[in-house]
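Quick look at query_1.txt (compact mmCIF, C-alpha atoms):
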# COMPACT_ATOMS: atom_id res chain seq x y z
CA MET A 1 91.29 111.90 78.38
CA ARG A 2 95.02 112.63 78.54
CA GLU A 3 95.24 111.48 82.16
CA LEU A 4 93.52 108.21 81.25
CA TRP A 5 96.11 107.60 78.54
CA VAL A 6 98.91 108.41 81.01
CA MET A 7 97.36 105.98 83.50
CA PHE A 8 97.13 103.27 80.83
CA ALA A 9 100.76 103.84 79.80
CA ALA A 10 102.02 103.81 83.40
CA PHE A 11 100.28 100.54 84.19
CA PHE A 12 101.31 99.11 80.82
CA ARG A 13 104.95 99.74 81.85
CA ILE A 14 104.32 98.16 85.24
CA GLY A 15 102.75 95.12 83.58
CA LEU A 16 105.51 94.93 80.97
CA PHE A 17 108.47 95.08 83.35
CA THR A 18 107.12 93.22 86.37
CA PHE A 19 108.23 89.61 86.51
CA GLY A 20 107.17 87.45 89.41
CA GLY A 21 103.68 88.69 90.17
CA GLY A 22 102.16 91.22 92.50
CA TYR A 23 104.91 91.33 95.11
CA ALA A 24 107.56 92.07 92.53
CA MET A 25 105.52 94.96 91.13
CA LEU A 26 105.60 96.96 94.37
CA PRO A 27 108.81 98.90 93.59
CA MET A 28 107.45 99.91 90.18
CA LEU A 29 104.08 100.86 91.68
CA GLN A 30 105.82 103.11 94.18
CA ARG A 31 107.94 104.71 91.48
CA GLU A 32 105.04 105.33 89.07
CA VAL A 33 102.01 105.89 91.31
CA VAL A 34 103.67 107.69 94.23
CA ASN A 35 106.91 109.27 93.02
CA ARG A 36 106.32 110.05 89.35
CA TYR A 37 102.61 110.94 89.13
CA GLN A 38 101.62 111.50 92.77
CA TRP A 39 98.33 109.65 92.25
CA ALA A 40 98.63 108.36 95.81
CA THR A 41 100.84 108.65 98.88
CA ASP A 42 102.91 105.70 100.10
CA GLU A 43 100.26 105.00 102.73
CA GLU A 44 97.40 105.14 100.21
CA LEU A 45 99.31 102.84 97.87
CA MET A 46 99.87 100.36 100.71
CA ASP A 47 96.13 100.47 101.42
CA CYS A 48 95.39 99.78 97.73
CA TYR A 49 97.95 96.98 97.73
CA ALA A 50 96.51 95.47 100.92
CA ILE A 51 93.03 95.50 99.42
CA GLY A 52 94.46 93.94 96.25
CA GLN A 53 95.91 91.12 98.36
CA CYS A 54 92.72 90.52 100.31
CA THR A 55 90.39 90.30 97.33
CA PRO A 56 90.06 87.30 95.01
CA GLY A 57 92.17 87.43 91.89
CA VAL A 58 95.62 88.49 90.84
CA ILE A 59 97.26 91.07 93.14
CA ALA A 60 98.65 93.10 90.23
CA VAL A 61 95.27 93.39 88.54
CA ASN A 62 93.39 94.08 91.77
CA THR A 63 95.84 96.78 92.80
CA ALA A 64 95.83 98.41 89.37
CA THR A 65 92.04 98.39 89.31
CA TYR A 66 91.78 99.90 92.76
CA VAL A 67 94.37 102.62 92.10
CA GLY A 68 92.62 103.55 88.85
CA TYR A 69 89.21 103.53 90.51
CA ARG A 70 90.40 105.77 93.35
CA ARG A 71 91.85 108.20 90.84
CA ARG A 72 89.17 108.33 88.11
CA GLY A 73 86.27 106.11 89.12
CA VAL A 74 85.05 103.17 87.08
CA ILE A 75 86.71 104.32 83.84
CA GLY A 76 90.02 104.76 85.69
CA GLY A 77 89.74 101.23 87.06
CA ILE A 78 89.04 99.84 83.60
CA VAL A 79 91.91 101.77 81.99
CA THR A 80 94.51 100.78 84.60
CA THR A 81 93.35 97.16 84.51
CA LEU A 82 93.69 97.07 80.73
CA GLY A 83 97.08 98.75 81.04
CA VAL A 84 98.48 96.19 83.45
CA ILE A 85 97.12 93.10 81.66
CA THR A 86 97.84 94.06 78.02
CA PRO A 87 101.60 93.33 78.17
CA SER A 88 100.92 89.91 79.67
CA LEU A 89 98.41 89.09 76.95
CA ILE A 90 100.90 90.06 74.25
CA ILE A 91 103.86 88.33 75.88
CA ILE A 92 101.98 85.12 76.74
CA THR A 93 100.69 84.89 73.20
CA LEU A 94 104.23 85.24 71.81
CA ILE A 95 105.75 82.91 74.40
CA GLY A 96 103.04 80.33 73.83
CA ALA A 97 103.88 80.32 70.16
CA LEU A 98 107.65 80.05 70.70
CA LEU A 99 108.33 78.44 74.07
CA ALA A 100 107.14 74.94 73.28
CA ARG A 101 109.70 74.83 70.51
CA TYR A 102 112.61 76.17 72.61
CA MET A 103 111.83 75.04 76.19
CA ASP A 104 114.69 72.56 76.25
CA ASN A 105 117.20 75.10 74.94
CA ALA A 106 119.97 75.61 77.52
CA TYR A 107 119.91 79.40 77.03
CA VAL A 108 116.17 79.56 77.69
CA VAL A 109 116.55 77.42 80.82
CA LYS A 110 119.36 79.67 82.11
CA ALA A 111 117.40 82.83 81.26
CA PHE A 112 114.45 81.63 83.34
CA ALA A 113 116.80 80.70 86.19
CA GLY A 114 118.22 84.24 86.10
CA ILE A 115 114.75 85.77 86.06
CA ARG A 116 113.75 83.74 89.14
CA VAL A 117 116.81 85.00 91.03
CA ALA A 118 116.12 88.61 90.07
CA VAL A 119 112.47 88.29 91.09
CA SER A 120 113.52 86.86 94.46
CA ALA A 121 115.75 89.90 95.00
CA LEU A 122 112.94 92.30 94.03
CA ILE A 123 110.52 90.61 96.41
CA THR A 124 113.10 90.68 99.22
CA ALA A 125 113.70 94.40 98.65
CA SER A 126 109.95 95.05 98.75
CA VAL A 127 109.56 93.06 101.97
CA ILE A 128 112.39 95.00 103.64
CA LYS A 129 110.92 98.32 102.53
CA LEU A 130 107.43 97.33 103.72
CA PHE A 131 108.84 96.13 107.05
CA LYS A 132 110.76 99.37 107.65
CA LYS A 133 107.77 101.50 106.76
CA ASN A 134 105.04 99.59 108.60
CA VAL A 135 106.54 97.70 111.56
CA LYS A 136 107.16 100.45 114.07
CA ASP A 137 106.79 99.00 117.57
CA VAL A 138 107.03 95.81 119.61
CA TRP A 139 103.40 94.89 118.76
CA GLY A 140 104.12 95.26 115.07
CA ILE A 141 107.22 93.10 115.34
CA ALA A 142 105.29 90.45 117.28
CA LEU A 143 102.44 90.48 114.78
CA CYS A 144 104.86 90.32 111.85
CA VAL A 145 106.70 87.33 113.35
CA LEU A 146 103.44 85.55 114.20
CA ALA A 147 101.99 86.18 110.72
CA PHE A 148 105.18 84.84 109.14
CA LEU A 149 105.16 81.74 111.35
CA PHE A 150 101.50 81.02 110.66
CA VAL A 151 101.85 81.35 106.88
CA ALA A 152 105.41 80.14 106.19
CA ILE A 153 105.81 77.46 108.85
CA LEU A 154 102.30 76.29 109.74
CA GLY A 155 100.82 76.74 106.27
CA ALA A 156 97.88 78.88 107.40
CA SER A 157 95.86 80.69 104.79
CA PRO A 158 97.06 84.28 104.21
CA VAL A 159 93.40 85.31 104.19
CA TYR A 160 92.90 84.14 107.78
CA VAL A 161 96.19 85.69 108.87
CA THR A 162 95.23 89.01 107.25
CA VAL A 163 91.78 89.01 108.85
CA GLY A 164 93.29 88.03 112.20
CA SER A 165 95.86 90.81 111.92
CA ALA A 166 93.14 93.34 111.11
CA LEU A 167 91.16 92.21 114.16
CA PHE A 168 94.30 92.44 116.31
CA GLY A 169 94.91 95.99 115.05
CA PHE A 170 91.30 96.92 115.71
CA ILE A 171 91.43 95.52 119.26
CA MET A 172 94.74 97.27 119.95
CA GLY A 173 93.24 100.52 118.67
CA LYS A 174 90.19 100.10 120.88
CA ALA A 175 92.49 99.41 123.84
CA GLY A 176 94.22 102.73 123.17
CA VAL A 177 97.57 101.26 122.17
CA LYS A 178 99.32 103.78 119.93
CA HIS A 179 101.02 102.67 116.73
CA ASP A 180 103.77 105.18 116.03
Can I see the file as structure tokens?
Amino acid sequence: MRELWVMFAAFFRIGLFTFGGGYAMLPMLQREVVNRYQWATDEELMDCYAIGQCTPGVIAVNTATYVGYRRRGVIGGIVTTLGVITPSLIIITLIGALLARYMDNAYVVKAFAGIRVAVSALITASVIKLFKKNVKDVWGIALCVLAFLFVAILGASPVYVTVGSALFGFIMGKAGVKHD
């Protein structure tokens, strides 16, 4: 029971201090799940995160659910999901009550502008860390560039790019190409 409470509290913190969605939560996930509690390795967390991206729904919720499920089964998935969504429920309820009244306030506008800049920096840091950890050879670089071009420039669906990348990795593995 104590571990379930710790899991709830950890994901509550992640939900409380993550602005900008699933990508921005990656540094906190690594700190809590990998470094602090050792519930998963970096590689396992990346697998959970990848599954969270590929499944319908919010990345943060999907990832929390999957991490909790891997750790403690169905009850772990429920507890971590509740942990990550509870801060949003509380904050959205409070903001909904107050924001309409203060949305035109210059301080509120500037605060949101500052939050967007900080979230952009957090996402950039996560992307750099993911790139360094996962792109290890010329094939990885080529796949990364192609995936970026397809999604960012051509507007392809990330789902198709993810499935295509998985197929490419499978084919490369079958061909005996090593990924170091």
Which residue gives the smallest distance to Val145 of chain A among A:Ser157, A:Ser88, A:Ser165, A:Met103, with only C-alpha atoms counted? A:Ser165
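If you measure from each of A:Ala60, A:Ala142, A:Tyr66, A:Phe150 to Thr18 of chain A using only C-alpha atoms, the closest one turns out to be A:Ala60.
The shell of residues at most 6 Å from Thr80 of chain A, with all atoms listed in the file counted and near chain neighbours (fewer than 2 positions) removed, consists of Phe8, Phe11, Ala64, Thr65, Gly68, Gly77, Ile78, Leu82 and Gly83 of chain A.
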Need the neighbours of (103.8, 98.3, 76.7): which residues are at most 12 Å away, counting only C-alpha atoms, as a ChimeraX atom specification? /A:8-18,82-91
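Of the residues listed (A:Tyr69, A:Ile95, A:Gln38, A:Met7), A:Ile95 shows the shortest atom-to-atom separation from Val108 of chain A; distances use only C-alpha atoms.
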Pick from A:Met172, A:Ala125, A:Leu4, A:Ala147, whichever lies nearest to Met28 of chain A using all atoms listed in the file: A:Ala125
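Atom pair atom CA of Thr81 of chain A / atom CA of Leu45 of chain A: separated by 15.7 Å.
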Give me the residues near Val177 of chain A as a list in words, where near means some atom within 12 Å (using only C-alpha atoms) and where sequence neighbours in that chain fewer than 3 positions away do not count. Asp137, Val138, Trp139, Gly140, Phe168, Gly169, Phe170, Ile171, Met172, Gly173, Lys174 and Asp180 of chain A
Would you work out the distance separating atom CA of Thr63 of chain A from atom CA of Ala24 of chain A, expressed in Å to one decimal? 12.6 Å
Judged by only C-alpha atoms, the minimum distance to Thr41 of chain A among A:Leu29, A:Leu122, A:Lys132, A:Arg72 is found for A:Leu29
To one decimal in Å, tell me the separation between atom CA of Ile92 of chain A and atom CA of Val109 of chain A. 17.0 Å
Between A:Leu130, A:Ala100, A:Cys144, A:Met1, which is the closest to Glu43 of chain A once you count all atoms listed in the file? A:Leu130
Show which residues sit within 12 Å of Lys129 of chain A, as a ChimeraX atom specification. Count all atoms listed in the file, and ignore same-chain residues fewer than 2 positions away. /A:23,26-27,30,42,46,122-127,131-135
Hey, can you pull every residue with an atom no more than 12 Å from (100.9, 87.6, 97.2), using only C-alpha atoms, and send it as a count of residues only? 30
Edge lengths and centre in Å, axis-aligned, segment 106-110 of chain A plus 5 Å each side, as lines of an AutoDock Vina configuration file:
center_x = 118.1
center_y = 77.6
center_z = 79.6
size_x = 13.8
size_y = 14.1
size_z = 15.1
Reconstruct N, CA and C atoms of segment 86-106 of chain A from the incomplete input and present them as a compact mmCIF listing (two decimals), in the frame of the given file.
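Produced file result_39.txt, reproduced below:
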# COMPACT_ATOMS: atom_id res chain seq x y z
N THR A 86 97.52 94.10 79.45
CA THR A 86 97.84 94.06 78.02
C THR A 86 99.23 93.50 77.74
N PRO A 87 100.29 93.93 78.46
CA PRO A 87 101.60 93.33 78.17
C PRO A 87 101.62 91.82 78.38
N SER A 88 100.96 91.35 79.42
CA SER A 88 100.92 89.91 79.67
C SER A 88 100.21 89.17 78.54
N LEU A 89 99.12 89.73 78.06
CA LEU A 89 98.41 89.09 76.95
C LEU A 89 99.30 88.99 75.72
N ILE A 90 100.01 90.06 75.42
CA ILE A 90 100.90 90.06 74.25
C ILE A 90 102.04 89.08 74.46
N ILE A 91 102.69 89.17 75.62
CA ILE A 91 103.86 88.33 75.88
C ILE A 91 103.49 86.85 75.95
N ILE A 92 102.40 86.52 76.63
CA ILE A 92 101.98 85.12 76.74
C ILE A 92 101.63 84.55 75.37
N THR A 93 101.01 85.35 74.54
CA THR A 93 100.69 84.89 73.20
C THR A 93 101.97 84.58 72.42
N LEU A 94 102.95 85.47 72.51
CA LEU A 94 104.23 85.24 71.81
C LEU A 94 104.98 84.06 72.41
N ILE A 95 105.04 84.01 73.74
CA ILE A 95 105.75 82.91 74.40
C ILE A 95 105.09 81.57 74.08
N GLY A 96 103.75 81.57 74.13
CA GLY A 96 103.04 80.33 73.83
C GLY A 96 103.37 79.81 72.45
N ALA A 97 103.55 80.73 71.53
CA ALA A 97 103.88 80.32 70.16
C ALA A 97 105.32 79.82 70.03
N LEU A 98 106.23 80.37 70.85
CA LEU A 98 107.65 80.05 70.70
C LEU A 98 108.21 79.09 71.75
N LEU A 99 107.70 79.15 72.95
CA LEU A 99 108.33 78.44 74.07
C LEU A 99 108.31 76.93 73.90
N ALA A 100 107.22 76.39 73.43
CA ALA A 100 107.14 74.94 73.28
C ALA A 100 108.28 74.42 72.40
N ARG A 101 108.65 75.24 71.44
CA ARG A 101 109.70 74.83 70.51
C ARG A 101 111.09 74.95 71.12
N TYR A 102 111.28 75.89 72.09
CA TYR A 102 112.61 76.17 72.61
C TYR A 102 112.77 75.89 74.11
N MET A 103 111.80 75.24 74.74
CA MET A 103 111.83 75.04 76.19
C MET A 103 113.04 74.25 76.66
N ASP A 104 113.54 73.37 75.86
CA ASP A 104 114.69 72.56 76.25
C ASP A 104 116.02 73.22 75.91
N ASN A 105 115.98 74.38 75.30
CA ASN A 105 117.20 75.10 74.94
C ASN A 105 117.91 75.55 76.21
N ALA A 106 119.18 75.29 76.31
CA ALA A 106 119.97 75.61 77.52
C ALA A 106 119.94 77.11 77.82
